[in-house]
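Enquirer: This is the content of query_16.cif (mmCIF, C-alpha atoms):
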```cif
data_model
#
loop_
_atom_site.label_atom_id
_atom_site.label_comp_id
_atom_site.auth_asym_id
_atom_site.auth_seq_id
_atom_site.Cartn_x
_atom_site.Cartn_y
_atom_site.Cartn_z
CA MET I 1 107.80 100.38 100.58
CA LEU I 2 105.32 99.16 103.13
CA SER I 3 105.63 101.15 106.31
CA LYS I 4 104.14 100.90 109.76
CA SER I 5 104.51 104.52 110.70
CA GLY I 6 100.79 105.25 110.64
CA LEU I 7 99.58 102.16 112.41
CA ALA I 8 97.36 102.51 115.38
CA TYR I 9 97.59 99.91 118.10
CA VAL I 10 98.63 96.62 116.55
CA PRO I 11 99.90 93.42 118.13
CA PHE I 12 102.54 91.64 116.09
CA LEU I 13 102.32 87.93 116.65
CA CYS I 14 105.43 85.82 116.60
CA LEU I 15 105.80 82.07 116.20
CA VAL I 16 109.36 80.78 116.40
CA ALA I 17 110.11 77.55 114.56
CA ARG I 18 113.53 76.58 115.83
CA PRO I 19 115.74 77.38 118.81
CA ILE I 20 118.73 79.71 118.43
CA ALA I 21 121.62 79.21 120.82
CA ALA I 22 122.02 82.84 121.88
CA PHE I 23 118.32 83.74 121.90
CA VAL I 24 116.19 83.28 125.03
CA MET I 25 112.46 83.78 124.44
CA SER I 26 111.72 83.94 128.17
CA SER I 27 114.03 86.93 128.64
CA ASN I 28 112.63 90.38 129.36
CA GLN I 29 115.56 92.12 127.66
CA ASN I 30 114.96 91.23 124.02
CA LEU I 31 114.93 93.85 121.27
CA ALA I 32 113.10 93.15 117.99
CA VAL I 33 113.63 95.58 115.10
CA TYR I 34 111.85 95.36 111.75
CA TRP I 35 113.97 95.28 108.62
CA GLY I 36 112.96 95.40 104.98
CA GLN I 37 111.01 98.59 104.35
CA ASN I 38 113.68 101.32 104.23
CA SER I 39 111.41 103.49 106.34
CA TYR I 40 114.03 106.20 106.72
CA GLY I 41 114.67 106.34 102.97
CA ALA I 42 110.96 106.75 102.29
CA VAL I 43 110.90 110.10 104.07
CA ASN I 44 114.53 111.12 103.42
CA SER I 45 114.95 110.40 99.72
CA ALA I 46 118.05 112.57 99.34
CA ASP I 47 119.98 111.03 102.23
CA THR I 48 120.87 107.78 100.47
CA ALA I 49 123.81 107.12 102.81
CA ASN I 50 121.33 106.26 105.56
CA TRP I 51 118.98 104.20 103.45
CA GLN I 52 118.38 100.60 104.43
CA GLN I 53 121.44 98.34 104.22
CA PRO I 54 121.51 94.54 103.78
CA ILE I 55 120.26 92.79 106.89
CA SER I 56 123.72 91.55 107.92
CA TYR I 57 124.81 95.18 108.34
CA TYR I 58 122.61 95.36 111.43
CA CYS I 59 123.93 92.12 112.94
CA ASN I 60 127.46 93.30 113.65
CA ASP I 61 126.85 93.85 117.37
CA ASN I 62 124.75 92.40 120.20
CA VAL I 63 122.10 95.11 120.32
CA ILE I 64 119.23 93.62 118.28
CA ASN I 65 117.96 90.10 119.02
CA THR I 66 115.17 89.58 116.48
CA PHE I 67 114.72 90.77 112.90
CA PRO I 68 111.21 90.39 111.41
CA ILE I 69 111.64 90.80 107.63
CA ALA I 70 108.88 93.06 106.30
CA PHE I 71 106.84 92.20 104.37
CA LEU I 72 105.20 89.26 102.66
CA ASP I 73 102.54 91.70 101.53
CA GLU I 74 100.39 89.55 99.25
CA PHE I 75 99.22 86.06 100.20
CA TYR I 76 98.01 84.96 96.77
CA SER I 77 99.62 86.58 93.77
CA THR I 78 100.50 85.25 90.31
CA GLY I 79 100.78 81.47 90.25
CA ASN I 80 98.83 81.33 93.53
CA LEU I 81 102.05 82.02 95.43
CA PRO I 82 102.76 84.99 97.69
CA SER I 83 104.77 88.07 96.85
CA ILE I 84 107.25 89.95 99.02
CA ASN I 85 108.36 93.58 98.97
CA LEU I 86 111.62 94.57 100.68
CA ALA I 87 111.72 98.13 99.35
CA ASN I 88 115.16 99.12 98.00
CA THR I 89 116.70 95.73 98.82
CA CYS I 90 114.52 93.29 96.85
CA ASN I 91 111.12 93.58 95.17
CA ASN I 92 109.14 92.26 92.23
CA VAL I 93 109.77 95.36 90.12
CA ASN I 94 113.56 95.71 90.17
CA ASP I 95 114.53 92.09 90.82
CA PRO I 96 113.87 88.88 88.85
CA VAL I 97 110.83 86.85 89.81
CA PHE I 98 110.41 83.09 89.70
CA PRO I 99 108.82 82.03 86.39
CA GLY I 100 105.04 82.07 86.46
CA THR I 101 104.93 83.97 89.76
CA ASN I 102 105.17 87.45 91.21
CA LEU I 103 107.61 86.23 93.88
CA PRO I 104 111.02 87.94 93.64
CA ASP I 105 114.19 85.88 93.84
CA CYS I 106 116.02 87.41 96.81
CA SER I 107 118.35 84.45 97.24
CA PHE I 108 121.34 86.82 97.33
CA LEU I 109 120.20 87.56 100.90
CA ALA I 110 120.71 83.95 102.04
CA SER I 111 124.26 84.47 103.26
CA ASP I 112 123.26 87.69 105.08
CA ILE I 113 120.39 85.96 106.87
CA GLU I 114 122.58 83.01 107.79
CA ALA I 115 125.27 85.39 109.10
CA CYS I 116 122.71 87.00 111.42
CA GLN I 117 121.54 83.60 112.63
CA ALA I 118 125.13 82.53 113.23
CA ALA I 119 125.47 85.61 115.43
CA GLY I 120 122.56 84.35 117.56
CA LYS I 121 119.80 86.47 116.01
CA ILE I 122 116.25 85.34 115.27
CA VAL I 123 115.15 86.13 111.69
CA THR I 124 111.45 85.79 110.82
CA ILE I 125 109.20 86.67 107.89
CA SER I 126 106.45 89.19 108.60
CA LEU I 127 103.17 88.39 106.86
CA GLY I 128 100.85 91.24 106.03
CA GLY I 129 101.74 94.84 106.65
CA ALA I 130 99.30 97.65 106.23
CA THR I 131 98.31 96.76 102.71
CA GLY I 132 98.36 93.88 100.28
CA SER I 133 96.06 91.02 99.44
CA ASN I 134 95.93 88.99 102.62
CA GLY I 135 93.29 86.71 103.99
CA PHE I 136 91.54 83.38 103.58
CA ALA I 137 88.16 82.29 102.29
CA ASN I 138 87.84 79.45 104.80
CA ASP I 139 89.73 77.23 107.26
CA THR I 140 90.64 74.63 104.63
CA GLN I 141 92.40 77.17 102.43
CA ALA I 142 94.14 78.64 105.47
CA ALA I 143 95.47 75.30 106.70
CA ALA I 144 96.82 74.52 103.23
CA TYR I 145 98.59 77.88 103.13
CA ALA I 146 100.60 76.87 106.19
CA GLN I 147 102.35 74.28 104.02
CA THR I 148 103.14 76.97 101.43
CA ILE I 149 104.83 79.19 104.03
CA TRP I 150 106.65 76.20 105.49
CA ASN I 151 108.00 75.23 102.08
CA LEU I 152 108.97 78.73 100.96
CA PHE I 153 110.51 80.19 104.11
CA LEU I 154 110.88 77.65 106.89
CA GLY I 155 111.89 73.99 107.10
CA GLY I 156 110.25 72.70 103.92
CA SER I 157 111.56 72.63 100.37
CA SER I 158 110.58 74.33 97.14
CA SER I 159 112.11 75.45 93.86
CA THR I 160 110.80 78.96 94.56
CA ARG I 161 112.34 79.78 97.93
CA PRO I 162 112.85 83.57 97.85
CA PHE I 163 115.76 83.45 100.31
CA GLY I 164 117.39 80.41 98.77
CA SER I 165 119.08 78.09 101.24
CA ALA I 166 118.34 80.30 104.26
CA VAL I 167 115.84 78.76 106.68
CA LEU I 168 114.01 81.43 108.65
CA ASP I 169 113.30 80.98 112.35
CA GLY I 170 109.58 81.67 112.32
CA ILE I 171 106.87 84.08 111.26
CA ASP I 172 105.49 87.39 112.39
CA MET I 173 101.81 88.12 111.84
CA ASP I 174 101.11 91.78 111.07
CA ILE I 175 97.39 91.80 110.36
CA GLU I 176 96.03 95.29 110.03
CA GLY I 177 92.67 94.91 108.40
CA GLY I 178 90.06 92.57 107.00
CA SER I 179 88.56 89.39 108.37
CA GLN I 180 90.10 86.90 110.81
CA THR I 181 88.61 83.98 108.89
CA GLY I 182 91.06 81.09 108.79
CA PHE I 183 93.90 82.67 110.74
CA ALA I 184 93.58 80.32 113.71
CA SER I 185 93.57 77.32 111.34
CA PHE I 186 96.58 78.66 109.44
CA LEU I 187 98.61 79.28 112.58
CA THR I 188 97.62 76.01 114.21
CA ALA I 189 98.66 74.07 111.11
CA LEU I 190 101.90 76.03 110.88
CA ARG I 191 102.62 75.49 114.57
CA ASN I 192 102.21 71.76 113.99
CA LEU I 193 104.70 71.96 111.12
CA MET I 194 107.11 74.07 113.13
CA ASN I 195 107.20 71.95 116.25
CA GLY I 196 104.63 85.88 116.82
CA GLY I 197 102.17 88.79 115.84
CA THR I 198 101.68 92.55 116.10
CA PRO I 199 98.44 94.04 117.43
CA GLN I 200 97.54 97.65 118.06
CA CYS I 201 97.45 98.73 121.70
CA PRO I 202 93.65 99.18 121.99
CA TYR I 203 92.37 95.95 123.54
CA PRO I 204 90.95 93.73 122.18
CA ASP I 205 92.54 94.10 118.76
CA ALA I 206 89.85 94.28 116.09
CA TYR I 207 91.64 92.39 113.34
CA ILE I 208 93.37 89.61 115.22
CA GLY I 209 91.93 89.62 118.72
CA THR I 210 90.05 86.35 118.28
CA THR I 211 93.13 84.70 116.78
CA LEU I 212 95.23 85.91 119.71
CA ASP I 213 92.83 84.17 122.07
CA GLU I 214 92.88 80.89 120.13
CA VAL I 215 96.53 80.38 119.17
CA GLY I 216 99.50 80.14 121.50
CA PHE I 217 101.95 82.79 120.29
CA ASP I 218 105.48 83.02 121.64
CA ALA I 219 105.51 86.82 121.63
CA VAL I 220 103.19 89.72 120.89
CA TYR I 221 104.64 93.04 119.73
CA VAL I 222 102.00 95.57 120.75
CA GLN I 223 102.14 98.81 118.81
CA PHE I 224 102.06 101.64 121.32
CA TYR I 225 102.14 104.43 118.75
CA ASN I 226 99.72 106.18 116.42
CA ASN I 227 97.12 105.48 119.10
CA TRP I 228 95.53 107.16 122.07
CA CYS I 229 97.06 104.39 124.22
CA GLY I 230 100.56 105.11 122.94
CA LEU I 231 103.83 105.98 124.63
CA THR I 232 103.12 109.70 124.71
CA ASN I 233 100.21 108.95 127.07
CA TYR I 234 102.24 106.74 129.39
CA ASN I 235 101.44 108.93 132.40
CA ASN I 236 97.71 108.83 131.72
CA PRO I 237 96.27 105.76 133.52
CA ASN I 238 93.13 106.01 131.40
CA ALA I 239 95.16 105.58 128.19
CA TRP I 240 98.32 103.53 128.80
CA ASP I 241 97.10 99.93 128.96
CA PHE I 242 100.10 97.61 129.12
CA GLY I 243 98.47 96.20 132.24
CA THR I 244 95.52 95.03 130.14
CA TRP I 245 97.86 93.16 127.83
CA ASP I 246 99.69 91.70 130.82
CA ASN I 247 96.37 90.39 132.12
CA TRP I 248 95.57 88.94 128.69
CA ALA I 249 98.93 87.17 128.63
CA LYS I 250 98.36 85.58 132.03
CA THR I 251 94.65 84.75 131.92
CA VAL I 252 93.49 84.55 128.29
CA SER I 253 96.36 83.56 126.00
CA PRO I 254 96.62 79.80 125.30
CA ASN I 255 100.34 80.20 126.01
CA PRO I 256 100.66 81.45 129.62
CA ASN I 257 104.33 82.17 128.96
CA VAL I 258 103.73 84.52 126.03
CA LYS I 259 105.87 87.64 126.13
CA VAL I 260 104.43 91.12 125.50
CA TYR I 261 106.70 93.71 123.88
CA ILE I 262 106.35 97.49 123.78
CA GLY I 263 106.22 98.46 120.10
CA ALA I 264 107.69 101.90 119.42
CA PRO I 265 108.84 104.12 116.54
CA ALA I 266 112.62 104.44 116.30
CA SER I 267 112.47 108.12 115.35
CA SER I 268 109.99 110.95 114.96
CA SER I 269 109.76 110.28 111.20
CA ALA I 270 108.96 106.59 111.73
CA ALA I 271 105.37 107.21 112.85
CA GLY I 272 102.65 109.79 112.82
CA SER I 273 102.68 109.99 116.61
CA GLY I 274 104.10 108.15 119.60
CA TYR I 275 107.84 108.80 119.39
CA VAL I 276 109.50 109.59 122.72
CA SER I 277 113.06 110.60 123.53
CA PRO I 278 115.61 107.98 124.63
CA SER I 279 115.53 109.23 128.22
CA THR I 280 111.73 109.14 128.39
CA PHE I 281 111.60 105.70 126.83
CA THR I 282 114.25 104.42 129.24
CA THR I 283 111.98 105.34 132.16
CA ILE I 284 108.96 103.67 130.53
CA ILE I 285 110.90 100.49 129.75
CA GLN I 286 112.39 100.11 133.20
CA GLN I 287 109.14 100.81 135.06
CA THR I 288 107.15 98.44 132.83
CA MET I 289 109.80 95.73 133.18
CA ALA I 290 109.67 96.02 136.97
CA GLN I 291 105.88 95.98 137.14
CA TYR I 292 104.79 93.28 134.68
CA SER I 293 106.17 89.76 134.48
CA SER I 294 104.87 89.24 130.92
CA PHE I 295 107.12 92.03 129.63
CA GLY I 296 109.45 90.57 127.02
CA GLY I 297 111.27 93.59 125.64
CA VAL I 298 110.85 96.20 122.92
CA MET I 299 109.97 96.19 119.22
CA LEU I 300 111.15 99.09 117.04
CA TRP I 301 110.03 100.27 113.61
CA ASP I 302 112.50 100.09 111.92
CA ALA I 303 116.25 99.41 111.54
CA SER I 304 116.93 102.22 109.07
CA GLN I 305 115.21 104.76 111.33
CA ALA I 306 117.01 103.56 114.45
CA TYR I 307 120.45 103.75 112.88
CA ALA I 308 119.83 107.18 111.36
CA ASN I 309 118.54 108.44 114.72
CA SER I 310 121.92 108.17 116.50
CA ARG I 311 121.44 104.43 117.06
CA TYR I 312 118.18 104.71 118.99
CA ASP I 313 118.28 100.92 119.26
CA VAL I 314 121.39 101.17 121.45
CA SER I 315 119.68 103.44 123.98
CA VAL I 316 116.76 101.00 124.10
CA LYS I 317 119.04 98.02 124.60
CA ASN I 318 120.87 99.82 127.40
CA ALA I 319 117.53 100.56 129.05
CA LEU I 320 116.61 96.88 128.85
CA THR I 321 119.91 95.59 130.20
CA GLY I 322 120.96 98.42 132.47
CA GLY I 323 124.15 98.63 130.43
CA THR I 324 126.17 101.39 128.86
CA TYR I 325 126.94 99.70 125.57
CA THR I 326 128.55 101.80 122.85
CA PRO I 327 128.66 100.10 119.44
CA PRO I 328 131.97 100.06 117.59
CA THR I 329 132.34 102.10 114.44
CA THR I 330 131.08 100.00 111.55
CA THR I 331 133.60 99.37 108.79
CA THR I 332 131.46 96.99 106.79
CA THR I 333 131.30 97.88 103.10
CA THR I 334 128.01 97.14 101.41
CA THR I 335 126.55 97.83 98.02
CA THR I 336 122.89 98.67 97.70
CA SER I 337 120.65 99.96 95.01
CA THR I 338 119.95 103.67 95.19
CA THR I 339 116.68 103.41 93.32
CA GLN I 340 113.77 103.84 95.65
CA THR I 341 110.99 101.49 94.68
CA THR I 342 107.40 102.52 94.58
CA THR I 343 104.83 99.77 94.32
CA THR I 344 101.09 99.76 94.43
CA THR I 345 99.31 96.87 96.05
CA SER I 346 95.77 96.00 96.93
CA THR I 347 94.67 97.60 100.18
CA THR I 348 91.91 95.21 101.16
CA SER I 349 94.04 92.56 102.83
CA THR I 350 94.76 91.63 106.38
CA SER I 351 98.29 91.57 107.60
CA THR I 352 99.75 89.05 109.94
CA THR I 353 99.71 91.51 112.74
CA SER I 354 96.56 92.26 114.56
CA THR I 355 95.59 95.86 114.31
CA SER I 356 92.76 97.44 116.20
CA THR I 357 90.28 99.76 114.60
CA THR I 358 90.46 102.27 117.41
CA SER I 359 90.94 105.68 115.90
CA THR I 360 94.46 106.99 115.92
CA SER I 361 95.12 110.14 117.90
CA THR I 362 97.38 112.19 115.66
CA THR I 363 98.28 115.72 116.65
CA SER I 364 100.81 116.27 113.91
CA SER I 365 100.40 119.42 111.89
CA ALA I 366 102.95 118.50 109.24
CA SER I 367 102.37 119.87 105.77
CA PRO I 368 102.17 117.51 102.79
CA THR I 369 105.20 117.38 100.54
CA THR I 370 104.38 118.79 97.13
CA THR I 371 105.98 118.12 93.79
CA SER I 372 104.89 120.28 90.88
CA GLY I 373 104.22 119.09 87.34
CA THR I 374 101.86 116.84 85.43
CA VAL I 375 102.14 113.09 85.99
CA SER I 376 100.53 109.91 84.69
CA CYS I 377 97.82 108.45 86.91
CA SER I 378 97.01 105.52 84.66
CA GLY I 379 95.94 102.49 86.66
CA VAL I 380 96.13 104.27 90.01
CA ALA I 381 93.07 103.87 92.22
CA ALA I 382 91.35 106.73 93.99
CA TRP I 383 92.01 107.28 97.70
CA GLN I 384 89.38 105.72 99.98
CA THR I 385 88.62 106.39 103.61
CA GLY I 386 88.91 103.35 105.88
CA VAL I 387 91.58 101.72 103.71
CA ALA I 388 95.06 101.19 105.18
CA TYR I 389 97.89 102.52 103.00
CA VAL I 390 101.62 102.07 103.46
CA GLY I 391 104.69 104.01 102.38
CA GLY I 392 105.07 103.94 98.60
CA ASP I 393 101.38 103.34 97.84
CA GLU I 394 99.95 105.64 95.15
CA VAL I 395 96.42 107.06 94.99
CA THR I 396 94.59 109.79 93.15
CA TYR I 397 92.72 112.49 95.05
CA ASN I 398 91.14 115.73 93.84
CA GLY I 399 92.77 115.29 90.44
CA ASP I 400 96.32 114.82 91.78
CA LEU I 401 98.63 111.82 92.21
CA TRP I 402 99.70 111.18 95.80
CA THR I 403 102.29 108.81 97.31
CA ALA I 404 102.06 107.60 100.91
CA LYS I 405 105.06 108.46 103.08
CA TRP I 406 104.21 105.75 105.60
CA TRP I 407 101.27 103.76 106.95
CA SER I 408 98.05 105.68 107.31
CA GLU I 409 94.33 105.08 107.40
CA SER I 410 91.62 107.70 106.80
CA ASP I 411 94.18 110.53 106.65
CA VAL I 412 93.13 112.58 103.62
CA PRO I 413 95.90 113.36 101.09
CA GLY I 414 96.86 116.98 101.65
CA GLY I 415 95.45 116.90 105.18
CA PRO I 416 97.10 118.07 108.43
CA ALA I 417 98.68 114.69 109.21
CA GLY I 418 101.17 115.18 106.37
CA ASP I 419 101.05 111.48 105.43
CA TRP I 420 101.12 112.00 101.65
CA THR I 421 103.42 113.49 99.02
CA ASN I 422 101.69 115.35 96.19
CA ASP I 423 103.34 114.13 92.98
CA GLY I 424 101.51 116.53 90.72
CA VAL I 425 98.38 116.95 88.62
CA CYS I 426 97.15 113.90 86.75
#
```
Would you give me this structure, written as structure tokens?
Expert:
Amino acid sequence: MLSKSGLAYVPFLCLVARPIAAFVMSSNQNLAVYWGQNSYGAVNSADTANWQQPISYYCNDNVINTFPIAFLDEFYSTGNLPSINLANTCNNVNDPVFPGTNLPDCSFLASDIEACQAAGKIVTISLGGATGSNGFANDTQAAAYAQTIWNLFLGGSSSTRPFGSAVLDGIDMDIEGGSQTGFASFLTALRNLMNGGTPQCPYPDAYIGTTLDEVGFDAVYVQFYNNWCGLTNYNNPNAWDFGTWDNWAKTVSPNPNVKVYIGAPASSSAAGSGYVSPSTFTTIIQQTMAQYSSFGGVMLWDASQAYANSRYDVSVKNALTGGTYTPPTTTTTTTTSTTQTTTTTSTTSTSTTSTSTTSTSTTSSASPTTTSGTVSCSGVAAWQTGVAYVGGDEVTYNGDLWTAKWWSESDVPGGPAGDWTNDGVC
């Protein structure tokens, strides 16, 4: 699983390839919710009833407008094609991969994706995440990669399309580390084929700030959690900086109509810090909406957390629309794997979302989860400071094997942040 719970202040960049009848990009009432990482299941392994469901499960009402699928976590894997990891739903460990590649065949999701689109939802692929092998050597390589993404996920054609006949509506850039080399060329080439992104709240974003200034994104999902500028500091004018992003949208962005979303955790277990109650968030949403014309809505991490947290997404949608919507009881029957997948990926990549390097203000005093016993640590790399890890990543530290509960960077295994599970002595 690749989680965003430990991210600092990241803008998620969104480029939409095709219009959807019921979706209005210019609206300030849109709700985007990430799907694909089973974030709730990663920290609630025993509560399988609330683990991530197929994406169509979350499209049975009018609450959520956009679903970024998370993540395409490795740009260049076996066969020089990308790899994707959708936690318990589809991955390259438990599902078949296309011959000569490390790209899982998730074509069974095609009908689910198309059902969501038929219901007026936008479905995009999120490139990056907090780990993986992401980045380009130069502009030429980056521009060529745009054709790969177009062929695999969007309007092109390929024999290795992971979602089969489903044609996604765009991409989400979740770049959380590494160099920005080539990103502007990649996005410009992709925009040409198609005719947004997730930064951290500290401005300018360290990993994608230059790209944000050079490419006209449709929407930017700014991560206002796991940062000093997060939602919990909304009443501190020296910390809360949505106004800075509003100014960027109006005076710097190549697209003067770009929409800025408030990115938030959907429950207290979805992030290291930054979660606020529905009533508090309602106030923040409505005041921000009234004050800033660039406001486009809210982004939540993630669907599994929102549904398990008494449908937190519904309270957010009601705040956006001024409504009192109550979702009907879901009777959909779905079958999902109950095997939680743990994968280890390279942690030196950049994700398609811009993430700033501003240090995260975490006040959590949670204790690390500990599992006794001796385990195999063969092939597992040692933990490193400054490296971004996501839920499910394994490291060794002080002679023990540790598994990340969610995204974190520079939080020592066994430290006060409680970001790691101790799996035992190597």
Enquirer: Quick one: everything within 7 Å of Lys405 (chain I), counting all atoms listed in the file, minus sequence neighbours fewer than 3 positions away in the same chain. Send it as number ranges by chain.
Expert: I: 42-43, 391-392, 419-421
Enquirer: Dump C-alpha atoms for the selected residues as an mmCIF file, in the coordinates of the input?
Expert:
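What landed in again35.cif:
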```cif
data_model
loop_
_atom_site.group_PDB
_atom_site.id
_atom_site.type_symbol
_atom_site.label_atom_id
_atom_site.label_comp_id
_atom_site.auth_asym_id
_atom_site.auth_seq_id
_atom_site.Cartn_x
_atom_site.Cartn_y
_atom_site.Cartn_z
ATOM 1 C CA ALA I 42 110.960 106.750 102.290
ATOM 2 C CA VAL I 43 110.900 110.100 104.070
ATOM 3 C CA GLY I 391 104.690 104.010 102.380
ATOM 4 C CA GLY I 392 105.070 103.940 98.600
ATOM 5 C CA ASP I 419 101.050 111.480 105.430
ATOM 6 C CA TRP I 420 101.120 112.000 101.650
ATOM 7 C CA THR I 421 103.420 113.490 99.020
#
```
Enquirer: Evaluate the PyMOL selection byres ((chain I and resi 273) around 7) on the structure here and hand back the selected residues as a PyMOL selection string.
Expert: chain I and resi 225-226+271-272+274-275+362
Enquirer: At a cut-off of 10 Å, using only C-alpha atoms, what residues contact Ser277 (chain I)? Leave out same-chain residues fewer than 2 positions from it and give the result as a PyMOL selection string.
Expert: chain I and resi 266-268+275+279-282+312+315
Enquirer: Which is closest to Asn257 (chain I) among I:Ser107, I:Ala146, I:Thr101, I:Ser26, if we use all atoms listed in the file?
Expert: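 Selected residue with least distance to Asn257 (chain I): I:Ser26.
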Enquirer: Using CA of Val258 (chain I) and CA of Phe163 (chain I) as the two end points, give the distance in Å to one decimal.
Expert: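 Those two atoms sit 28.4 Å apart.
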Enquirer: Can you measure CA of Leu127 (chain I) to CA of Ala32 (chain I) for me? One decimal in Å is fine.
Expert: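 So the answer is 15.7 Å.
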Enquirer: Return as a PyMOL selection string the set of residues that the PyMOL selection byres ((chain I and resi 288) around 12) yields on the displayed structure.
Expert: chain I and resi 28-29+231+234-235+240-243+245-246+260-262+281-287+289-298+319-320
